[in-house]
Amino acid sequence: MYDYLTSIGITYLYHANTVKTSCTFLRTGGLLSRGAVEHFGLVQTPQSSDKIDRRYNVWNDIFLDSVDLHGGRFPRQNLYGPVLFKIKLNVLQHPTLPELWVTKDNPTRWYDGQVDSERYMNGIEEFKTLYANGSYKEMITIKNTYGFLPFDSYLEEIILDDPQLRIVSDGRVFFDEAAHALKDAMKSCSYNLDNVTRTRRICNIGCYCRAC
């Protein structure tokens, strides 16, 4: 899989989440499945897809995209949260990485009665045929794991959306509070994240996230 993704120009993988859940990842030192966060009694934000994730047995999976969805494909906020982890593709070569599966569509669009071959790519040849650079339906999943996808040497950048919104009643700025929480969480990480780029993404005027 790594060789093919490299051949079609993919060099990074992406995972978006909420500030609260992202702080848990930073303190832990890597991405975790929602099942793992629950299993270890850690903190995460409820997601609208949680019920579906449990129903279709992806609760213990880590999801990765090959494109920054908010950065160019969609003029709206990432529905999973304003924090984006940009991870080097060679994380897929990590020696203890669990089994990789690739979805044919987002599990939120799955339905009862489907078999695995309808939900996931069936082998490397079908993967090469169906998976494209910039894909957003087909997601790489690290299957059934309570382990974490490590940040050490793989985390390239943390991007935090700034829709330039504030709470009118007390003047609190969303971005400032989020950035402060992430910075504090990074200090607790077992890895040294000093070389990780931290990017403030000021969303375009036409971006729907400005209206959230």
# chains A, B, ... in the order shown; residues from 1 in each chain; ligands from 1
>>> residues_around(residues="range 131-139 of chain A", least_positions_apart="5", cutoff="8 Å", atoms="only C-alpha atoms", output="ChimeraX atom specification")
/A:5,8-10,63-67,69,102-106
>>> select_by_dssp(residues="range 91-140 of chain A", states="helix (DSSP H, G or I)", output="VMD selection string")
chain A and resid 91 to 93 107 to 109 116 to 119 124 to 130
>>> write_last_selection(atoms="N, CA and C atoms", output="PDB file, in the first residue's frame")
ATOM      1  N   VAL A  91       4.510   6.473   8.087  1.00  0.00           N
ATOM      2  CA  VAL A  91       3.955   5.865   9.299  1.00  0.00           C
ATOM      3  C   VAL A  91       3.355   4.491   8.972  1.00  0.00           C
ATOM      4  N   LEU A  92       2.961   4.310   7.707  1.00  0.00           N
ATOM      5  CA  LEU A  92       2.406   3.018   7.299  1.00  0.00           C
ATOM      6  C   LEU A  92       3.463   1.913   7.295  1.00  0.00           C
ATOM      7  N   GLN A  93       4.726   2.299   7.423  1.00  0.00           N
ATOM      8  CA  GLN A  93       5.799   1.310   7.485  1.00  0.00           C
ATOM      9  C   GLN A  93       6.218   1.009   8.924  1.00  0.00           C
ATOM     10  N   PRO A 107     -18.462   5.037   6.448  1.00  0.00           N
ATOM     11  CA  PRO A 107     -19.398   4.166   7.177  1.00  0.00           C
ATOM     12  C   PRO A 107     -20.741   4.806   7.499  1.00  0.00           C
ATOM     13  N   THR A 108     -20.809   6.132   7.510  1.00  0.00           N
ATOM     14  CA  THR A 108     -22.101   6.790   7.753  1.00  0.00           C
ATOM     15  C   THR A 108     -23.078   6.517   6.621  1.00  0.00           C
ATOM     16  N   ARG A 109     -22.574   6.016   5.490  1.00  0.00           N
ATOM     17  CA  ARG A 109     -23.447   5.691   4.361  1.00  0.00           C
ATOM     18  C   ARG A 109     -23.584   4.180   4.150  1.00  0.00           C
ATOM     19  N   ASP A 116     -18.523  -7.517   3.957  1.00  0.00           N
ATOM     20  CA  ASP A 116     -17.257  -6.783   3.983  1.00  0.00           C
ATOM     21  C   ASP A 116     -16.783  -6.387   2.593  1.00  0.00           C
ATOM     22  N   SER A 117     -17.009  -7.243   1.607  1.00  0.00           N
ATOM     23  CA  SER A 117     -16.531  -6.953   0.253  1.00  0.00           C
ATOM     24  C   SER A 117     -17.257  -5.770  -0.375  1.00  0.00           C
ATOM     25  N   GLU A 118     -18.414  -5.401   0.169  1.00  0.00           N
ATOM     26  CA  GLU A 118     -19.142  -4.227  -0.313  1.00  0.00           C
ATOM     27  C   GLU A 118     -18.706  -2.960   0.419  1.00  0.00           C
ATOM     28  N   ARG A 119     -18.106  -3.140   1.571  1.00  0.00           N
ATOM     29  CA  ARG A 119     -17.704  -1.992   2.385  1.00  0.00           C
ATOM     30  C   ARG A 119     -16.218  -1.676   2.282  1.00  0.00           C
ATOM     31  N   ILE A 124      -5.144  -5.749  -2.977  1.00  0.00           N
ATOM     32  CA  ILE A 124      -4.335  -4.636  -3.473  1.00  0.00           C
ATOM     33  C   ILE A 124      -4.724  -4.234  -4.892  1.00  0.00           C
ATOM     34  N   GLU A 125      -5.153  -5.188  -5.734  1.00  0.00           N
ATOM     35  CA  GLU A 125      -5.490  -4.835  -7.107  1.00  0.00           C
ATOM     36  C   GLU A 125      -6.747  -3.967  -7.170  1.00  0.00           C
ATOM     37  N   GLU A 126      -7.752  -4.308  -6.383  1.00  0.00           N
ATOM     38  CA  GLU A 126      -8.950  -3.457  -6.343  1.00  0.00           C
ATOM     39  C   GLU A 126      -8.606  -2.106  -5.724  1.00  0.00           C
ATOM     40  N   PHE A 127      -7.749  -2.113  -4.731  1.00  0.00           N
ATOM     41  CA  PHE A 127      -7.301  -0.859  -4.117  1.00  0.00           C
ATOM     42  C   PHE A 127      -6.656   0.043  -5.168  1.00  0.00           C
ATOM     43  N   LYS A 128      -5.792  -0.498  -5.993  1.00  0.00           N
ATOM     44  CA  LYS A 128      -5.124   0.296  -7.023  1.00  0.00           C
ATOM     45  C   LYS A 128      -6.119   0.817  -8.054  1.00  0.00           C
ATOM     46  N   THR A 129      -7.172   0.053  -8.302  1.00  0.00           N
ATOM     47  CA  THR A 129      -8.171   0.444  -9.292  1.00  0.00           C
ATOM     48  C   THR A 129      -9.085   1.553  -8.779  1.00  0.00           C
ATOM     49  N   LEU A 130      -9.464   1.468  -7.508  1.00  0.00           N
ATOM     50  CA  LEU A 130     -10.495   2.362  -6.978  1.00  0.00           C
ATOM     51  C   LEU A 130      -9.956   3.566  -6.219  1.00  0.00           C
TER      52      LEU A 130
END
>>> residues_around(residues="Pro46 in chain A", least_positions_apart="4", cutoff="10 Å", atoms="only C-alpha atoms", output="PyMOL selection string")
chain A and resi 18+21+34+50-51
>>> atom_distance(atom1="CA of Ser190 in chain A", atom2="CA of Trp101 in chain A")
28.4 Å
>>> select_by_dssp(residues="range 66-188 of chain A", states="strand (DSSP E or B)", output="ChimeraX atom specification")
/A:83-88,100-103,120,140-142,149-150,155-162,166,173
>>> closest_residue(among="A:Tyr4, A:Cys189, A:Cys203, A:Leu26", to="Leu89 in chain A", atoms="only C-alpha atoms")
A:Tyr4
>>> atom_distance(atom1="CA of Leu160 in chain A", atom2="CA of Asp61 in chain A")
23.4 Å
>>> closest_residue(among="A:Lys143, A:Lys88, A:Arg55, A:His94", to="Leu13 in chain A", atoms="only C-alpha atoms")
A:Lys88
>>> atom_distance(atom1="CA of Asn122 in chain A", atom2="CA of Leu100 in chain A")
11.7 Å
>>> closest_residue(among="A:Pro98, A:Thr145, A:Leu84, A:Ser188", to="Arg201 in chain A", atoms="only C-alpha atoms")
A:Leu84
>>> closest_residue(among="A:Asn57, A:Gln114, A:Thr141, A:Thr28", to="Tyr191 in chain A", atoms="only C-alpha atoms")
A:Thr28
>>> residues_around(residues="Ile159 in chain A", least_positions_apart="5", cutoff="7 Å", atoms="only C-alpha atoms", output="short mmCIF file (atom, residue, chain, number, x, y, z; two decimals) with all heavy atoms, in the first residue's frame")
data_model
loop_
_atom_site.label_atom_id
_atom_site.label_comp_id
_atom_site.auth_asym_id
_atom_site.auth_seq_id
_atom_site.Cartn_x
_atom_site.Cartn_y
_atom_site.Cartn_z
N VAL A 83 -9.22 20.57 14.44
CA VAL A 83 -7.80 20.25 14.56
C VAL A 83 -7.45 19.18 13.54
O VAL A 83 -8.10 18.14 13.46
CB VAL A 83 -7.46 19.74 15.98
CG1 VAL A 83 -5.95 19.50 16.11
CG2 VAL A 83 -7.95 20.70 17.04
N LEU A 84 -6.41 19.44 12.76
CA LEU A 84 -6.00 18.50 11.73
C LEU A 84 -4.56 18.07 11.97
O LEU A 84 -3.65 18.89 12.07
CB LEU A 84 -6.12 19.14 10.34
CG LEU A 84 -5.84 18.21 9.17
CD1 LEU A 84 -6.97 17.18 9.02
CD2 LEU A 84 -5.68 19.00 7.87
N PHE A 85 -4.36 16.75 12.06
CA PHE A 85 -3.02 16.19 12.19
C PHE A 85 -2.54 15.76 10.80
O PHE A 85 -3.20 14.97 10.12
CB PHE A 85 -3.03 14.98 13.12
CG PHE A 85 -3.39 15.31 14.55
CD1 PHE A 85 -4.69 15.16 15.00
CD2 PHE A 85 -2.43 15.77 15.43
CE1 PHE A 85 -5.03 15.47 16.31
CE2 PHE A 85 -2.75 16.09 16.74
CZ PHE A 85 -4.05 15.93 17.18
N ARG A 198 3.18 24.21 13.64
CA ARG A 198 1.85 24.55 14.15
C ARG A 198 1.29 25.68 13.28
O ARG A 198 1.87 26.75 13.20
CB ARG A 198 1.93 24.98 15.61
CG ARG A 198 2.66 23.97 16.48
CD ARG A 198 2.92 24.49 17.87
NE ARG A 198 4.03 23.78 18.49
CZ ARG A 198 4.43 23.98 19.74
NH1 ARG A 198 3.83 24.88 20.50
NH2 ARG A 198 5.46 23.30 20.22
N THR A 199 0.17 25.39 12.64
CA THR A 199 -0.37 26.31 11.64
C THR A 199 -1.74 26.81 12.03
O THR A 199 -2.62 26.03 12.41
CB THR A 199 -0.45 25.62 10.26
OG1 THR A 199 0.86 25.21 9.87
CG2 THR A 199 -1.04 26.55 9.21
N ARG A 200 -1.90 28.11 11.94
CA ARG A 200 -3.20 28.75 12.16
C ARG A 200 -3.84 28.96 10.79
O ARG A 200 -3.32 29.71 9.95
CB ARG A 200 -3.00 30.09 12.86
CG ARG A 200 -4.28 30.91 13.06
CD ARG A 200 -3.94 32.20 13.77
NE ARG A 200 -5.11 32.95 14.16
CZ ARG A 200 -5.08 34.01 14.97
NH1 ARG A 200 -3.92 34.43 15.46
NH2 ARG A 200 -6.19 34.64 15.29
N ARG A 201 -4.95 28.28 10.55
CA ARG A 201 -5.61 28.42 9.26
C ARG A 201 -6.76 29.42 9.38
O ARG A 201 -7.77 29.14 10.02
CB ARG A 201 -6.16 27.07 8.79
CG ARG A 201 -7.01 27.21 7.54
CD ARG A 201 -7.11 25.96 6.69
NE ARG A 201 -7.48 24.78 7.41
CZ ARG A 201 -7.25 23.54 6.98
NH1 ARG A 201 -6.61 23.36 5.84
NH2 ARG A 201 -7.64 22.49 7.67
#
